[in-house]
$ cat target_17.txt   # compact mmCIF, C-alpha atoms
# COMPACT_ATOMS: atom_id res chain seq x y z
CA MET F 1 -12.09 -17.00 15.01
CA GLU F 2 -9.68 -15.00 12.93
CA VAL F 3 -10.59 -11.91 14.92
CA ARG F 4 -9.79 -13.53 18.26
CA VAL F 5 -6.41 -14.67 16.96
CA MET F 6 -5.71 -11.13 15.79
CA LYS F 7 -6.59 -9.75 19.24
CA ASN F 8 -4.13 -12.13 20.89
CA ILE F 9 -1.41 -11.15 18.47
CA LEU F 10 -2.10 -7.46 19.05
CA GLY F 11 -2.10 -7.94 22.83
CA ALA F 12 1.25 -9.73 22.78
CA ASN F 13 2.64 -7.07 20.46
CA ASP F 14 1.52 -4.24 22.73
CA GLN F 15 3.33 -5.83 25.65
CA VAL F 16 6.62 -5.98 23.77
CA ALA F 17 6.04 -2.47 22.40
CA ALA F 18 5.73 -1.23 26.01
CA GLU F 19 9.05 -2.90 26.84
CA ASN F 20 10.69 -1.26 23.84
CA ARG F 21 9.19 2.09 24.78
CA ALA F 22 10.60 1.83 28.31
CA MET F 23 14.02 0.91 26.95
CA PHE F 24 14.10 3.87 24.54
CA ALA F 25 12.77 6.27 27.21
CA GLU F 26 15.47 5.21 29.65
CA LYS F 27 18.08 6.07 27.04
CA GLY F 28 16.40 9.35 26.11
CA VAL F 29 15.85 8.32 22.48
CA TYR F 30 12.85 9.71 20.58
CA VAL F 31 11.47 7.03 18.26
CA LEU F 32 9.34 7.76 15.20
CA ASN F 33 7.44 5.05 13.31
CA LEU F 34 7.38 6.26 9.69
CA MET F 35 4.60 4.75 7.60
CA GLY F 36 2.97 5.13 4.18
CA SER F 37 2.07 3.39 0.91
CA PRO F 38 4.72 1.88 -1.33
CA GLY F 39 6.37 4.74 -3.18
CA SER F 40 4.86 7.51 -1.06
CA GLY F 41 8.39 8.78 -0.47
CA LYS F 42 9.28 7.56 3.03
CA THR F 43 12.90 6.86 2.18
CA SER F 44 13.22 10.16 0.31
CA VAL F 45 11.87 12.03 3.35
CA LEU F 46 14.45 10.16 5.44
CA GLU F 47 17.27 11.10 3.08
CA LYS F 48 16.29 14.78 3.21
CA THR F 49 16.04 14.52 7.00
CA MET F 50 19.53 13.06 7.29
CA GLU F 51 21.03 15.72 5.03
CA ARG F 52 19.64 18.42 7.27
CA LEU F 53 19.80 16.88 10.74
CA LYS F 54 22.57 14.30 10.93
CA ASP F 55 25.05 16.88 12.26
CA LYS F 56 22.51 18.35 14.70
CA VAL F 57 21.14 15.23 16.35
CA ARG F 58 22.58 11.77 16.79
CA MET F 59 20.31 9.61 14.67
CA ALA F 60 19.87 6.05 13.46
CA VAL F 61 17.43 4.26 11.20
CA ILE F 62 15.71 0.86 11.23
CA GLU F 63 14.56 -0.08 7.74
CA GLY F 64 11.62 -2.42 7.26
CA ASP F 65 11.12 -4.19 3.95
CA LEU F 66 9.63 -7.46 2.79
CA PHE F 67 12.76 -8.33 0.88
CA THR F 68 15.88 -6.51 -0.40
CA SER F 69 18.09 -3.97 1.36
CA LYS F 70 17.63 -1.28 -1.30
CA ASP F 71 16.40 1.33 1.18
CA ALA F 72 19.03 0.53 3.81
CA GLU F 73 21.69 1.06 1.15
CA ARG F 74 20.22 4.50 0.42
CA ILE F 75 20.40 5.38 4.15
CA ASP F 76 23.90 3.94 4.54
CA ARG F 77 25.26 6.34 1.90
CA HIS F 78 24.49 9.21 4.28
CA GLY F 79 26.75 7.75 6.98
CA VAL F 80 23.90 7.22 9.44
CA PRO F 81 23.74 3.88 11.32
CA VAL F 82 21.07 1.68 9.74
CA ILE F 83 19.69 -1.77 10.48
CA GLN F 84 17.66 -3.68 7.89
CA ILE F 85 14.73 -5.85 8.95
CA ASN F 86 13.40 -8.12 6.21
CA THR F 87 9.95 -9.40 7.06
CA ALA F 88 10.16 -12.15 4.38
CA GLY F 89 6.75 -11.21 3.03
CA GLY F 90 5.24 -9.88 6.27
CA CYS F 91 3.16 -6.77 5.69
CA HIS F 92 4.29 -4.70 8.71
CA LEU F 93 6.97 -4.38 11.37
CA ASP F 94 6.07 -5.43 14.89
CA ALA F 95 7.50 -4.81 18.33
CA PRO F 96 9.37 -8.14 18.66
CA MET F 97 11.23 -7.46 15.40
CA VAL F 98 12.41 -4.10 16.73
CA GLN F 99 13.27 -5.59 20.11
CA GLN F 100 15.39 -8.20 18.40
CA VAL F 101 17.55 -5.74 16.47
CA ALA F 102 17.69 -2.90 19.02
CA PRO F 103 20.81 -4.32 20.78
CA GLN F 104 22.73 -3.67 17.55
CA LEU F 105 22.23 0.08 18.14
CA ASP F 106 24.32 2.12 20.58
CA LEU F 107 21.28 3.68 22.27
CA ASP F 108 23.45 5.66 24.72
CA SER F 109 24.73 7.74 21.83
CA LEU F 110 21.39 8.34 20.11
CA ASP F 111 18.80 11.12 20.24
CA LEU F 112 16.57 10.06 17.36
CA LEU F 113 15.61 6.68 15.93
CA ILE F 114 13.41 6.55 12.86
CA VAL F 115 11.79 3.23 12.03
CA GLU F 116 10.76 3.12 8.39
CA ASN F 117 7.93 0.62 8.17
CA VAL F 118 6.95 -1.66 5.28
CA GLY F 119 5.22 0.22 2.46
CA ASN F 120 1.57 -0.30 3.36
CA LEU F 121 -1.17 2.17 4.28
CA VAL F 122 -3.13 -0.42 6.29
CA CYS F 123 -1.42 -2.98 8.53
CA PRO F 124 1.54 -1.03 10.03
CA ALA F 125 -0.89 1.33 11.78
CA GLU F 126 -2.18 -1.60 13.86
CA PHE F 127 1.17 -2.66 15.31
CA ALA F 128 3.11 -0.40 17.67
CA VAL F 129 6.85 -1.04 17.62
CA GLY F 130 7.65 0.96 20.77
CA GLU F 131 7.63 4.37 19.13
CA ASN F 132 6.93 7.73 20.76
CA GLU F 133 4.86 8.78 17.76
CA LYS F 134 3.81 7.67 14.32
CA ALA F 135 4.04 9.65 11.07
CA VAL F 136 2.34 9.00 7.74
CA VAL F 137 3.66 10.01 4.33
CA LEU F 138 1.02 10.27 1.58
CA SER F 139 2.01 11.03 -1.99
CA ILE F 140 -0.42 13.44 -3.63
CA THR F 141 -0.33 11.12 -6.66
CA GLU F 142 -2.31 8.62 -4.55
CA GLY F 143 -5.37 10.86 -4.60
CA ALA F 144 -7.23 13.09 -2.15
CA ASP F 145 -9.72 10.34 -1.24
CA LYS F 146 -7.12 8.29 0.61
CA PRO F 147 -7.43 9.71 4.18
CA MET F 148 -11.11 8.73 4.40
CA LYS F 149 -10.43 5.36 2.76
CA TYR F 150 -7.52 4.56 5.10
CA PRO F 151 -8.52 6.41 8.27
CA LEU F 152 -6.68 4.46 10.97
CA ILE F 153 -3.19 5.48 9.89
CA PHE F 154 -4.22 9.15 9.97
CA LYS F 155 -5.89 8.78 13.36
CA GLU F 156 -2.79 7.07 14.75
CA SER F 157 -0.18 9.46 13.36
CA ALA F 158 0.98 12.72 14.93
CA VAL F 159 1.90 14.21 11.58
CA ALA F 160 0.98 13.73 7.93
CA VAL F 161 3.44 14.61 5.19
CA LEU F 162 1.66 15.26 1.89
CA ASN F 163 4.56 14.54 -0.41
CA LYS F 164 5.36 15.15 -4.11
CA VAL F 165 3.51 18.49 -4.25
CA ASP F 166 5.76 19.32 -7.23
CA LEU F 167 3.41 16.99 -9.19
CA LEU F 168 0.27 18.94 -8.24
CA PRO F 169 0.07 20.70 -11.63
CA TYR F 170 -0.16 17.31 -13.37
CA CYS F 171 -2.49 15.52 -10.94
CA ASP F 172 -6.11 15.89 -10.03
CA PHE F 173 -5.55 16.34 -6.28
CA ASP F 174 -7.74 18.55 -4.08
CA MET F 175 -5.39 19.71 -1.33
CA ALA F 176 -8.09 21.56 0.61
CA ALA F 177 -10.38 18.53 0.64
CA ALA F 178 -7.59 16.15 1.67
CA THR F 179 -6.47 18.44 4.48
CA GLU F 180 -10.02 18.89 5.69
CA ASP F 181 -10.57 15.12 5.72
CA ILE F 182 -7.33 14.57 7.65
CA LEU F 183 -8.31 17.17 10.24
CA THR F 184 -11.79 15.65 10.51
CA LEU F 185 -10.23 12.26 11.24
CA HIS F 186 -7.62 13.70 13.59
CA PRO F 187 -8.36 17.23 14.79
CA GLY F 188 -5.26 19.32 15.36
CA MET F 189 -2.98 16.93 13.47
CA LYS F 190 0.12 18.49 11.98
CA VAL F 191 -0.08 18.48 8.16
CA ILE F 192 2.98 19.34 6.08
CA GLU F 193 2.98 19.85 2.31
CA ALA F 194 6.30 18.66 0.98
CA SER F 195 8.33 17.83 -2.09
CA CYS F 196 11.51 15.88 -1.58
CA ALA F 197 12.37 16.47 -5.23
CA LYS F 198 12.22 20.27 -4.80
CA GLY F 199 13.13 20.46 -1.11
CA GLU F 200 9.78 22.00 -0.15
CA GLY F 201 8.41 21.46 3.34
CA ILE F 202 11.57 19.73 4.54
CA GLU F 203 12.53 22.56 6.88
CA GLU F 204 9.06 22.51 8.47
CA TRP F 205 9.27 18.72 8.83
CA CYS F 206 12.73 18.85 10.39
CA GLU F 207 11.73 21.60 12.80
CA TRP F 208 8.76 19.53 13.92
CA LEU F 209 11.01 16.52 14.38
CA LEU F 210 13.62 18.48 16.36
CA SER F 211 10.91 19.83 18.66
CA ARG F 212 9.75 16.27 19.36
CA VAL F 213 13.31 15.11 20.08
CA ALA F 214 13.81 18.11 22.40
CA ALA F 215 10.57 17.29 24.25
CA VAL F 216 11.86 13.80 25.08
CA LYS F 217 15.16 15.22 26.32
CA GLY F 218 13.13 17.50 28.58
CA MET A 219 2.83 -19.62 16.43
CA GLU A 220 1.68 -16.72 14.31
CA VAL A 221 2.93 -18.56 11.25
CA ARG A 222 0.90 -21.67 12.01
CA VAL A 223 -2.24 -19.59 12.52
CA MET A 224 -1.59 -17.91 9.19
CA LYS A 225 -1.25 -21.30 7.48
CA ASN A 226 -4.61 -22.43 8.88
CA ILE A 227 -6.25 -19.23 7.70
CA LEU A 228 -4.72 -19.59 4.24
CA GLY A 229 -5.78 -23.26 4.05
CA ALA A 230 -9.38 -22.44 4.96
CA ASN A 231 -9.37 -19.55 2.49
CA ASP A 232 -8.08 -21.73 -0.33
CA GLN A 233 -10.91 -24.17 0.23
CA VAL A 234 -13.56 -21.46 -0.08
CA ALA A 235 -11.71 -19.95 -3.06
CA ALA A 236 -11.95 -23.33 -4.80
CA GLU A 237 -15.71 -23.39 -4.14
CA ASN A 238 -16.04 -19.89 -5.57
CA ARG A 239 -13.95 -20.84 -8.58
CA ALA A 240 -16.18 -23.86 -9.29
CA MET A 241 -19.31 -21.69 -9.00
CA PHE A 242 -17.96 -19.06 -11.42
CA ALA A 243 -16.69 -21.74 -13.85
CA GLU A 244 -20.10 -23.42 -13.94
CA LYS A 245 -21.64 -20.09 -14.90
CA GLY A 246 -18.95 -19.34 -17.48
CA VAL A 247 -17.85 -16.13 -15.74
CA TYR A 248 -14.23 -15.01 -16.01
CA VAL A 249 -13.12 -13.46 -12.70
CA LEU A 250 -10.19 -11.06 -12.35
CA ASN A 251 -8.72 -10.08 -8.96
CA LEU A 252 -7.44 -6.52 -9.47
CA MET A 253 -4.77 -5.45 -6.98
CA GLY A 254 -2.31 -2.62 -6.34
CA SER A 255 -1.19 0.06 -3.89
CA PRO A 256 -3.53 2.79 -2.69
CA GLY A 257 -3.79 5.32 -5.49
CA SER A 258 -2.14 3.16 -8.15
CA GLY A 259 -5.21 3.72 -10.30
CA LYS A 260 -7.21 0.50 -9.99
CA THR A 261 -10.58 2.26 -10.03
CA SER A 262 -9.51 4.48 -12.93
CA VAL A 263 -8.48 1.40 -14.92
CA LEU A 264 -11.91 -0.06 -14.12
CA GLU A 265 -13.69 3.09 -15.28
CA LYS A 266 -11.78 3.06 -18.58
CA THR A 267 -12.54 -0.65 -18.95
CA MET A 268 -16.27 -0.09 -18.44
CA GLU A 269 -16.38 2.77 -20.95
CA ARG A 270 -14.85 0.52 -23.59
CA LEU A 271 -16.28 -2.92 -22.76
CA LYS A 272 -19.62 -2.59 -21.03
CA ASP A 273 -21.52 -2.89 -24.31
CA LYS A 274 -19.34 -5.78 -25.54
CA VAL A 275 -19.36 -8.07 -22.51
CA ARG A 276 -21.76 -8.44 -19.62
CA MET A 277 -19.73 -7.28 -16.64
CA ALA A 278 -20.03 -6.63 -12.93
CA VAL A 279 -17.70 -5.36 -10.23
CA ILE A 280 -17.08 -6.22 -6.59
CA GLU A 281 -15.40 -3.31 -4.80
CA GLY A 282 -13.20 -3.94 -1.77
CA ASP A 283 -12.44 -1.11 0.63
CA LEU A 284 -11.69 -0.78 4.33
CA PHE A 285 -14.39 1.85 4.72
CA THR A 286 -16.46 4.14 2.45
CA SER A 287 -18.23 3.34 -0.80
CA LYS A 288 -16.40 6.04 -2.79
CA ASP A 289 -15.13 3.60 -5.41
CA ALA A 290 -18.43 1.74 -5.74
CA GLU A 291 -20.12 5.09 -6.42
CA ARG A 292 -17.61 5.74 -9.23
CA ILE A 293 -18.44 2.32 -10.76
CA ASP A 294 -22.19 2.77 -10.32
CA ARG A 295 -22.14 5.92 -12.45
CA HIS A 296 -21.22 3.75 -15.43
CA GLY A 297 -24.36 1.67 -15.06
CA VAL A 298 -22.47 -1.54 -14.30
CA PRO A 299 -23.71 -3.74 -11.42
CA VAL A 300 -21.45 -3.21 -8.39
CA ILE A 301 -21.31 -4.67 -4.90
CA GLN A 302 -19.33 -2.97 -2.13
CA ILE A 303 -17.47 -5.04 0.45
CA ASN A 304 -16.21 -3.03 3.43
CA THR A 305 -13.56 -4.96 5.34
CA ALA A 306 -13.87 -2.62 8.38
CA GLY A 307 -10.12 -2.20 8.54
CA GLY A 308 -9.12 -5.56 7.08
CA CYS A 309 -6.19 -5.28 4.69
CA HIS A 310 -7.39 -7.61 1.92
CA LEU A 311 -10.42 -9.36 0.49
CA ASP A 312 -10.74 -13.08 1.09
CA ALA A 313 -12.74 -15.90 -0.46
CA PRO A 314 -15.48 -16.04 2.23
CA MET A 315 -16.23 -12.34 1.70
CA VAL A 316 -16.71 -12.91 -2.02
CA GLN A 317 -18.74 -16.07 -1.40
CA GLN A 318 -21.04 -14.12 0.89
CA VAL A 319 -21.88 -11.40 -1.66
CA ALA A 320 -21.85 -13.51 -4.85
CA PRO A 321 -25.56 -14.46 -4.56
CA GLN A 322 -26.38 -10.78 -5.05
CA LEU A 323 -25.04 -11.07 -8.62
CA ASP A 324 -26.98 -12.60 -11.50
CA LEU A 325 -24.15 -14.91 -12.55
CA ASP A 326 -26.20 -16.42 -15.40
CA SER A 327 -26.11 -13.09 -17.19
CA LEU A 328 -22.41 -12.30 -16.65
CA ASP A 329 -19.26 -12.86 -18.71
CA LEU A 330 -16.79 -10.86 -16.66
CA LEU A 331 -16.50 -10.12 -12.94
CA ILE A 332 -13.75 -7.82 -11.76
CA VAL A 333 -12.96 -7.83 -8.04
CA GLU A 334 -11.14 -4.66 -7.03
CA ASN A 335 -9.15 -5.51 -3.94
CA VAL A 336 -8.18 -3.27 -1.02
CA GLY A 337 -5.35 -0.86 -1.90
CA ASN A 338 -2.33 -2.79 -0.69
CA LEU A 339 0.68 -4.19 -2.54
CA VAL A 340 1.29 -6.91 0.05
CA CYS A 341 -1.55 -8.85 1.67
CA PRO A 342 -4.12 -9.24 -1.16
CA ALA A 343 -1.62 -11.35 -3.13
CA GLU A 344 -1.75 -14.02 -0.40
CA PHE A 345 -5.52 -14.56 -0.45
CA ALA A 346 -7.26 -16.04 -3.49
CA VAL A 347 -10.91 -15.01 -3.77
CA GLY A 348 -11.85 -17.58 -6.43
CA GLU A 349 -10.50 -15.66 -9.40
CA ASN A 350 -9.32 -17.05 -12.71
CA GLU A 351 -6.38 -14.67 -12.68
CA LYS A 352 -4.85 -11.79 -10.77
CA ALA A 353 -3.74 -8.41 -12.14
CA VAL A 354 -1.52 -5.78 -10.52
CA VAL A 355 -1.64 -2.05 -11.21
CA LEU A 356 1.54 -0.13 -10.34
CA SER A 357 1.70 3.63 -10.67
CA ILE A 358 5.02 4.77 -12.09
CA THR A 359 5.04 7.44 -9.36
CA GLU A 360 5.67 4.61 -6.87
CA GLY A 361 9.16 4.05 -8.26
CA ALA A 362 10.91 1.42 -10.36
CA ASP A 363 12.25 -0.43 -7.32
CA LYS A 364 8.81 -1.69 -6.31
CA PRO A 365 8.63 -5.03 -8.21
CA MET A 366 11.72 -6.39 -6.44
CA LYS A 367 10.54 -5.00 -3.09
CA TYR A 368 7.04 -6.49 -3.44
CA PRO A 369 7.73 -9.59 -5.53
CA LEU A 370 4.81 -11.87 -4.58
CA ILE A 371 2.12 -9.76 -6.21
CA PHE A 372 4.06 -9.72 -9.48
CA LYS A 373 4.71 -13.48 -9.32
CA GLU A 374 1.00 -14.11 -8.69
CA SER A 375 -0.42 -11.80 -11.34
CA ALA A 376 -0.96 -12.64 -15.01
CA VAL A 377 -0.61 -9.02 -16.07
CA ALA A 378 1.02 -5.84 -14.74
CA VAL A 379 -0.37 -2.44 -15.70
CA LEU A 380 2.27 0.27 -15.30
CA ASN A 381 -0.07 3.20 -14.91
CA LYS A 382 0.25 7.03 -15.03
CA VAL A 383 2.93 6.99 -17.75
CA ASP A 384 1.80 10.55 -18.55
CA LEU A 385 3.80 11.52 -15.42
CA LEU A 386 7.04 9.94 -16.70
CA PRO A 387 8.55 13.31 -17.73
CA TYR A 388 8.23 14.55 -14.13
CA CYS A 389 9.30 11.38 -12.29
CA ASP A 390 12.56 9.53 -11.95
CA PHE A 391 11.25 6.16 -13.17
CA ASP A 392 13.38 3.69 -15.13
CA MET A 393 10.83 1.83 -17.28
CA ALA A 394 13.40 -0.57 -18.76
CA ALA A 395 14.67 -1.56 -15.31
CA ALA A 396 11.16 -2.01 -13.88
CA THR A 397 10.08 -4.15 -16.84
CA GLU A 398 13.23 -6.24 -16.63
CA ASP A 399 12.66 -6.83 -12.90
CA ILE A 400 9.04 -7.81 -13.48
CA LEU A 401 10.03 -10.28 -16.20
CA THR A 402 12.78 -11.67 -13.96
CA LEU A 403 10.22 -12.29 -11.21
CA HIS A 404 7.63 -13.64 -13.63
CA PRO A 405 9.02 -14.64 -17.05
CA GLY A 406 6.56 -14.10 -19.87
CA MET A 407 4.24 -11.92 -17.81
CA LYS A 408 2.14 -9.45 -19.79
CA VAL A 409 3.27 -5.86 -19.07
CA ILE A 410 1.16 -2.93 -20.26
CA GLU A 411 2.22 0.72 -20.09
CA ALA A 412 -0.88 2.80 -19.50
CA SER A 413 -2.25 6.21 -18.65
CA CYS A 414 -5.88 6.42 -17.64
CA ALA A 415 -5.62 10.20 -17.77
CA LYS A 416 -4.53 10.14 -21.43
CA GLY A 417 -6.20 6.89 -22.49
CA GLU A 418 -2.91 5.21 -23.32
CA GLY A 419 -2.63 1.42 -23.09
CA ILE A 420 -6.34 0.99 -22.42
CA GLU A 421 -7.00 -0.68 -25.75
CA GLU A 422 -4.18 -3.16 -25.15
CA TRP A 423 -5.52 -3.85 -21.65
CA CYS A 424 -9.08 -4.36 -22.89
CA GLU A 425 -7.97 -6.64 -25.69
CA TRP A 426 -6.06 -8.77 -23.21
CA LEU A 427 -9.11 -8.88 -20.95
CA LEU A 428 -11.45 -9.83 -23.81
CA SER A 429 -9.11 -12.64 -24.85
CA ARG A 430 -9.23 -14.02 -21.29
CA VAL A 431 -13.02 -13.82 -21.17
CA ALA A 432 -13.20 -15.58 -24.55
CA ALA A 433 -10.88 -18.36 -23.32
CA VAL A 434 -13.25 -19.15 -20.45
CA LYS A 435 -16.21 -19.26 -22.81
CA GLY A 436 -14.24 -21.75 -24.93
$ encode --input "target_17.txt" --output "structure tokens"
Amino acid sequence: MEVRVMKNILGANDQVAAENRAMFAEKGVYVLNLMGSPGSGKTSVLEKTMERLKDKVRMAVIEGDLFTSKDAERIDRHGVPVIQINTAGGCHLDAPMVQQVAPQLDLDSLDLLIVENVGNLVCPAEFAVGENEKAVVLSITEGADKPMKYPLIFKESAVAVLNKVDLLPYCDFDMAAATEDILTLHPGMKVIEASCAKGEGIEEWCEWLLSRVAAVKG
Amino acid sequence: MEVRVMKNILGANDQVAAENRAMFAEKGVYVLNLMGSPGSGKTSVLEKTMERLKDKVRMAVIEGDLFTSKDAERIDRHGVPVIQINTAGGCHLDAPMVQQVAPQLDLDSLDLLIVENVGNLVCPAEFAVGENEKAVVLSITEGADKPMKYPLIFKESAVAVLNKVDLLPYCDFDMAAATEDILTLHPGMKVIEASCAKGEGIEEWCEWLLSRVAAVKG
């Protein structure tokens, strides 16, 4: 019973996601759905991305949170257009939420839209919002067993950012095993080791992102 | 529409949770629903708990995961009875899942049952499994803003374990602010600073747990 309901919800969501995708494609905007656990560093990755790219590409951000606008305020300080979606307890963003707020963006003057999802390694991976691609941020403090325990988000994402590598000396994290598991789940997936605190991996991440934006522009 | 469906699901779940609660109460078993983000350290807290308590109270564990039995294998090494529930992608445990596996436990010879939920700071807080109380584990690496961003789980839990305090020197975590936010959300809540890696806070945690088990026994 619950399963059938979920299938209906997913079907309806996919339809709206396709509409969103068509709208963004028509405007030539590359859309990334940025996902990860609470505290994996999604907003920090975004801040580093803005510092490096905001003068190179025209970007905007949609921030998803259950409550509060703490993350949107962090984005706003960088002078990049940002829209906050509060899900009021909902565990993921969905396509109708993005469709509802999209008119607030000037899509004609955008190249890149990053949608930061609710902090959750499970549910967001099931709901497309109309993105071109998904990305997952995993903090190495979460442990190397996480890809195999939460496989869908790694299968769905085009890139995995293994964040907070500056904490590797103090954590029991097997980078080789984690990377192997990720590539077993999703062969050929891009994996980037990063530290927002130390600025590591950010250039590689931004270059990947720019190449994806360029591909949409043709 | 989606909201009404969710209400029906929650209503049905609450009914089964009440049945579970009555069953556990009749047997004099204290049940704790242990929740937290992926990698917050729930299984590590459990391992430290077993080391210290398994000869003092008769305990068992139900392990919730999307896939894999990695955590159940970690529990099993301590010689404590453990049952694995795989949700096959589902983002939380619910009462029917626990009801289904409970007959595999010898409830007559148990004092304490800990149910480790799926790694998720959102959905598990909405679904009672028949527990006496809930507990939340938050890794300090997740950031001090998390209580206000994920308030329900802190409102629902009797105790918050702020884990991995050994990483405080390397992280930008404001312990005073996090504690204040937690106590604003849930006045009087028990807050324990802990490090499974260094053994800090484990005694305080175990004493709290023993006092709860003793309260059920009368």
$ closest_residue --input "target_17.txt" --among "A:Glu291, A:Val298, A:Asp384, A:Val234" --to "Thr267 of chain A" --atoms "only C-alpha atoms"
A:Val298
$ atom_distance --input "target_17.txt" --atom1 "atom CA of Gly89 of chain F" --atom2 "atom CA of Val340 of chain A"
7.6 Å
$ interface_residues --input "target_17.txt" --of "chain F" --to "chain A" --cutoff "6 Å" --atoms "all atoms listed in the file" --output "NGL selection string"
:F and (39 or 67 or 91 or 122 or 142-143 or 149)
$ residues_around --input "target_17.txt" --residues "Val316 of chain A" --least-positions-apart "5" --cutoff "12 Å" --atoms "all atoms listed in the file" --output "ChimeraX atom specification"
/A:231,234-239,241-242,249,251,279-282,301-305,310-311,321-323,331-335,345-349
$ residues_around --input "target_17.txt" --residues "Ile182 of chain F" --least-positions-apart "5" --cutoff "12 Å" --atoms "all atoms listed in the file" --output "number ranges by chain"
F: 136, 138, 144-162, 175-177, 187-192
$ residues_around --input "target_17.txt" --residues "Lys435 of chain A" --least-positions-apart "2" --cutoff "12 Å" --atoms "only C-alpha atoms" --output "list in words"
Phe242, Ala243, Glu244, Lys245, Gly246, Val247, Tyr248, Val275, Leu328, Asp329, Leu330, Leu428, Ser429, Arg430, Val431, Ala432 and Ala433 of chain A
$ write_last_selection --input "target_17.txt" --atoms "C-alpha atoms" --output "CSV table (one decimal), in the coordinates of the input"
chain,number,residue,atom,x,y,z
A,242,PHE,CA,-18.0,-19.1,-11.4
A,243,ALA,CA,-16.7,-21.7,-13.8
A,244,GLU,CA,-20.1,-23.4,-13.9
A,245,LYS,CA,-21.6,-20.1,-14.9
A,246,GLY,CA,-19.0,-19.3,-17.5
A,247,VAL,CA,-17.8,-16.1,-15.7
A,248,TYR,CA,-14.2,-15.0,-16.0
A,275,VAL,CA,-19.4,-8.1,-22.5
A,328,LEU,CA,-22.4,-12.3,-16.6
A,329,ASP,CA,-19.3,-12.9,-18.7
A,330,LEU,CA,-16.8,-10.9,-16.7
A,428,LEU,CA,-11.4,-9.8,-23.8
A,429,SER,CA,-9.1,-12.6,-24.8
A,430,ARG,CA,-9.2,-14.0,-21.3
A,431,VAL,CA,-13.0,-13.8,-21.2
A,432,ALA,CA,-13.2,-15.6,-24.6
A,433,ALA,CA,-10.9,-18.4,-23.3
$ atom_distance --input "target_17.txt" --atom1 "atom CA of Val263 of chain A" --atom2 "atom CA of Asp294 of chain A"
14.5 Å
$ atom_distance --input "target_17.txt" --atom1 "atom CA of Pro169 of chain F" --atom2 "atom CA of Gly201 of chain F"
17.2 Å
$ closest_residue --input "target_17.txt" --among "F:Leu209, F:Asp108, F:Arg58, F:Lys42" --to "Ser195 of chain F" --atoms "only C-alpha atoms"
F:Lys42
$ closest_residue --input "target_17.txt" --among "A:Val434, A:Ala412, A:Ala290, A:Ile420" --to "Leu271 of chain A" --atoms "all atoms listed in the file"
A:Ile420
$ axis_aligned_box --input "target_17.txt" --around "segment 175-186 of chain F" --padding-each-side "4 Å" --output "JSON"
{"center_x": -8.6, "center_y": 16.9, "center_z": 6.1, "size_x": 14.4, "size_y": 17.3, "size_z": 22.9}
